[in-house]
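Undergrad: Below you will find the structure I want to go over with you.
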Amino acid sequence: MNTASLRNDLKYNEDKVAVTVMMETESSKEIRILFRKGQSMKEHKAGFPITVEIHEGAIEFGVNGEKMSLKAGDLISLEANVPHDLLAQEDSIVRLTLSKFDTVERVKKVVE
């Protein structure tokens, strides 16, 4: 059994998005991404399917050039290799579920 909290030990970065591994299971990696209003993740692709949950706040989520507004409680899933980007409309907590075969380092490179 594993436990974690998306709300404990929140450490926002002022200059870039904060990425933290919250948990790893046999099939997935659960990542917390903290955005200050205006921070973004440039367009990128994941080599495996992903699921994104807006836990708190609001995100402009771009998929293949189309923008959509996601707010707290919203979920979106993408198949592998779909171009997407994120822009925080307000301070936000985002949960990202990665395949066990994906790497956290790939996610961290997107915010550098």
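If you're wondering about the labels, chains in the structure tokens are A, B, ... by order shown, residues count from 1 in each chain, ligands from 1 in order shown.
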Please provide the set of residues having any atom within 10 Å of His55 (chain A), restricted to only C-alpha atoms, with same-chain residues fewer than 3 positions apart removed, written as number ranges by chain.
TA: A: 6-7, 32-33, 52, 58, 71-75, 92-95
Undergrad: Store the residues of this selection in a file with N, CA and C atoms, as a PDB file, in the first residue's frame.
TA:
```pdb
ATOM      1  N   LEU A   6      -1.701  15.285  -2.445  1.00  0.00           N
ATOM      2  CA  LEU A   6      -1.424  16.348  -3.415  1.00  0.00           C
ATOM      3  C   LEU A   6      -1.331  17.712  -2.740  1.00  0.00           C
ATOM      4  N   ARG A   7      -1.809  17.827  -1.502  1.00  0.00           N
ATOM      5  CA  ARG A   7      -1.885  19.118  -0.813  1.00  0.00           C
ATOM      6  C   ARG A   7      -0.824  19.349   0.264  1.00  0.00           C
ATOM      7  N   ARG A  32       2.909  15.325  -9.171  1.00  0.00           N
ATOM      8  CA  ARG A  32       2.234  16.585  -8.842  1.00  0.00           C
ATOM      9  C   ARG A  32       2.996  17.705  -9.540  1.00  0.00           C
ATOM     10  N   ILE A  33       2.252  18.541 -10.243  1.00  0.00           N
ATOM     11  CA  ILE A  33       2.838  19.693 -10.913  1.00  0.00           C
ATOM     12  C   ILE A  33       2.193  20.944 -10.329  1.00  0.00           C
ATOM     13  N   VAL A  52      -4.343  13.625 -17.092  1.00  0.00           N
ATOM     14  CA  VAL A  52      -4.090  14.870 -16.374  1.00  0.00           C
ATOM     15  C   VAL A  52      -5.360  15.244 -15.602  1.00  0.00           C
ATOM     16  N   ALA A  58      -6.918  26.518 -12.451  1.00  0.00           N
ATOM     17  CA  ALA A  58      -7.428  26.506 -13.826  1.00  0.00           C
ATOM     18  C   ALA A  58      -6.257  26.529 -14.789  1.00  0.00           C
ATOM     19  N   LYS A  71     -10.699  23.255 -15.381  1.00  0.00           N
ATOM     20  CA  LYS A  71     -10.763  23.792 -14.020  1.00  0.00           C
ATOM     21  C   LYS A  71     -10.712  22.645 -13.013  1.00  0.00           C
ATOM     22  N   ALA A  72     -10.657  23.000 -11.739  1.00  0.00           N
ATOM     23  CA  ALA A  72     -10.564  21.996 -10.679  1.00  0.00           C
ATOM     24  C   ALA A  72     -11.623  20.916 -10.867  1.00  0.00           C
ATOM     25  N   GLY A  73     -11.181  19.676 -10.803  1.00  0.00           N
ATOM     26  CA  GLY A  73     -12.069  18.540 -10.963  1.00  0.00           C
ATOM     27  C   GLY A  73     -12.075  17.952 -12.358  1.00  0.00           C
ATOM     28  N   ASP A  74     -11.554  18.686 -13.345  1.00  0.00           N
ATOM     29  CA  ASP A  74     -11.549  18.198 -14.718  1.00  0.00           C
ATOM     30  C   ASP A  74     -10.399  17.210 -14.945  1.00  0.00           C
ATOM     31  N   LEU A  75     -10.668  16.236 -15.809  1.00  0.00           N
ATOM     32  CA  LEU A  75      -9.682  15.236 -16.222  1.00  0.00           C
ATOM     33  C   LEU A  75      -9.596  15.225 -17.729  1.00  0.00           C
ATOM     34  N   SER A  92      -2.184  26.694  -9.601  1.00  0.00           N
ATOM     35  CA  SER A  92      -2.842  25.417  -9.848  1.00  0.00           C
ATOM     36  C   SER A  92      -2.025  24.234  -9.343  1.00  0.00           C
ATOM     37  N   ILE A  93      -2.762  23.191  -8.935  1.00  0.00           N
ATOM     38  CA  ILE A  93      -2.185  21.896  -8.594  1.00  0.00           C
ATOM     39  C   ILE A  93      -2.701  20.910  -9.628  1.00  0.00           C
ATOM     40  N   VAL A  94      -1.778  20.270 -10.342  1.00  0.00           N
ATOM     41  CA  VAL A  94      -2.141  19.334 -11.411  1.00  0.00           C
ATOM     42  C   VAL A  94      -1.556  17.965 -11.079  1.00  0.00           C
ATOM     43  N   ARG A  95      -2.368  16.946 -11.249  1.00  0.00           N
ATOM     44  CA  ARG A  95      -1.904  15.563 -11.079  1.00  0.00           C
ATOM     45  C   ARG A  95      -1.727  14.960 -12.462  1.00  0.00           C
TER      46      ARG A  95
END
```
Undergrad: With a distance cut-off of 7 Å and only C-alpha atoms, select the neighbouring residues of Val111 (chain A), excluding the residue or stretch itself and same-chain residues fewer than 3 positions from it, and output the selection as an NGL selection string.
TA: :A and (16-17 or 41 or 108)
Undergrad: Return the single residue from A:Glu26, A:Glu79, A:Glu112, A:Glu60 that is closest to Gly38 (chain A), with distances computed using only C-alpha atoms.
TA: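 Residue with the minimum atom-to-atom distance to Gly38 (chain A): A:Glu60.
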Undergrad: If DSSP is run on the backbone, what residues of chain A are helix (DSSP H, G or I)? A reply as a VMD selection string would be ideal.
TA: chain A and resid 104 to 110
Undergrad: What's around Val104 (chain A) at 9 Å? Count only C-alpha atoms, leave out sequence neighbours fewer than 5 positions away in its own chain, and write the answer as JSON, numbers by chain.
TA: {"A": [19, 20, 21, 29, 31, 98, 109]}
Undergrad: Would you mind exporting C-alpha atoms of the selected residues as a PDB file, in the first residue's frame?
TA:
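Result written to out-v8.pdb:
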```pdb
ATOM      1  CA  VAL A  19       7.411  18.784 -10.586  1.00  0.00           C
ATOM      2  CA  THR A  20       7.314  16.186  -7.777  1.00  0.00           C
ATOM      3  CA  VAL A  21       6.941  12.411  -7.937  1.00  0.00           C
ATOM      4  CA  LYS A  29       3.845   7.107 -11.743  1.00  0.00           C
ATOM      5  CA  ILE A  31       3.267  13.280 -10.477  1.00  0.00           C
ATOM      6  CA  LEU A  98       2.355   8.503 -16.371  1.00  0.00           C
ATOM      7  CA  LYS A 109      12.914  18.735 -19.249  1.00  0.00           C
TER       8      LYS A 109
END
```
Undergrad: Between A:Met1, A:Leu10, A:Met23, A:Met68, single out the one closest to Ala88 (chain A), counting only C-alpha atoms.
TA: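 When distances to Ala88 (chain A) are compared using only C-alpha atoms, the smallest one comes from A:Met68.
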Undergrad: Could you list, as an mmCIF file with C-alpha atoms, in the first residue's frame, every residue within 8 Å of Gly47 (chain A), counting only C-alpha atoms and ignoring same-chain residues fewer than 6 positions away?
TA:
```cif
data_model
loop_
_atom_site.group_PDB
_atom_site.id
_atom_site.type_symbol
_atom_site.label_atom_id
_atom_site.label_comp_id
_atom_site.auth_asym_id
_atom_site.auth_seq_id
_atom_site.Cartn_x
_atom_site.Cartn_y
_atom_site.Cartn_z
ATOM 1 C CA ALA A 80 0.852 8.513 -26.825
ATOM 2 C CA ASN A 81 2.580 11.134 -28.996
ATOM 3 C CA ASP A 102 7.653 6.792 -19.044
#
```
Undergrad: Tell me which protein, DNA and RNA residues are within 8 Å of Phe61 (chain A), counting only C-alpha atoms, leaving out same-chain ones fewer than 6 positions away, and put them as a PyMOL selection string.
TA: chain A and resi 67-70+84-87
Undergrad: Write out, as an mmCIF file, in the first residue's frame, the residues just selected, with N, CA, C and O atoms.
TA:
```
data_model
loop_
_atom_site.group_PDB
_atom_site.id
_atom_site.type_symbol
_atom_site.label_atom_id
_atom_site.label_comp_id
_atom_site.auth_asym_id
_atom_site.auth_seq_id
_atom_site.Cartn_x
_atom_site.Cartn_y
_atom_site.Cartn_z
ATOM 1 N N LYS A 67 -7.153 25.048 -28.012
ATOM 2 C CA LYS A 67 -7.074 25.401 -26.590
ATOM 3 C C LYS A 67 -8.401 25.121 -25.899
ATOM 4 O O LYS A 67 -9.469 25.378 -26.446
ATOM 5 N N MET A 68 -8.313 24.579 -24.681
ATOM 6 C CA MET A 68 -9.516 24.366 -23.876
ATOM 7 C C MET A 68 -9.224 24.779 -22.445
ATOM 8 O O MET A 68 -8.075 24.696 -21.989
ATOM 9 N N SER A 69 -10.241 25.250 -21.756
ATOM 10 C CA SER A 69 -10.104 25.650 -20.361
ATOM 11 C C SER A 69 -10.484 24.485 -19.464
ATOM 12 O O SER A 69 -11.590 23.952 -19.573
ATOM 13 N N LEU A 70 -9.566 24.097 -18.591
ATOM 14 C CA LEU A 70 -9.819 23.047 -17.620
ATOM 15 C C LEU A 70 -9.767 23.657 -16.230
ATOM 16 O O LEU A 70 -8.899 24.480 -15.943
ATOM 17 N N HIS A 84 0.831 18.560 -26.820
ATOM 18 C CA HIS A 84 -0.001 19.318 -25.885
ATOM 19 C C HIS A 84 0.867 20.307 -25.108
ATOM 20 O O HIS A 84 2.079 20.159 -25.013
ATOM 21 N N ASP A 85 0.206 21.346 -24.566
ATOM 22 C CA ASP A 85 0.876 22.353 -23.757
ATOM 23 C C ASP A 85 -0.077 22.811 -22.661
ATOM 24 O O ASP A 85 -1.287 22.593 -22.754
ATOM 25 N N LEU A 86 0.468 23.428 -21.616
ATOM 26 C CA LEU A 86 -0.334 23.880 -20.490
ATOM 27 C C LEU A 86 0.074 25.294 -20.116
ATOM 28 O O LEU A 86 1.274 25.624 -20.125
ATOM 29 N N LEU A 87 -0.906 26.115 -19.751
ATOM 30 C CA LEU A 87 -0.677 27.477 -19.275
ATOM 31 C C LEU A 87 -1.600 27.717 -18.090
ATOM 32 O O LEU A 87 -2.828 27.571 -18.215
#
```
Undergrad: Determine the nearest neighbour of Pro49 (chain A) from the options A:Glu14, A:Ser99, A:Pro83, A:Thr3, counting only C-alpha atoms.
TA: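 Among A:Glu14, A:Ser99, A:Pro83, A:Thr3, it is A:Ser99 that comes nearest to Pro49 (chain A).
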Undergrad: Counting only C-alpha atoms, figure out which residue out of A:Asn13, A:Ser40, A:Ser77, A:Gln89 gets nearest to Ile59 (chain A).
TA: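 So, comparing all the options, the nearest one is A:Gln89.
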Undergrad: Restricting the calculation to only C-alpha atoms: of A:Val63, A:Glu53, A:Leu96, A:Val107, which residue gets closest to Ser28 (chain A)?
TA: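 Ranking A:Val63, A:Glu53, A:Leu96, A:Val107 by distance to Ser28 (chain A), first place goes to A:Leu96.
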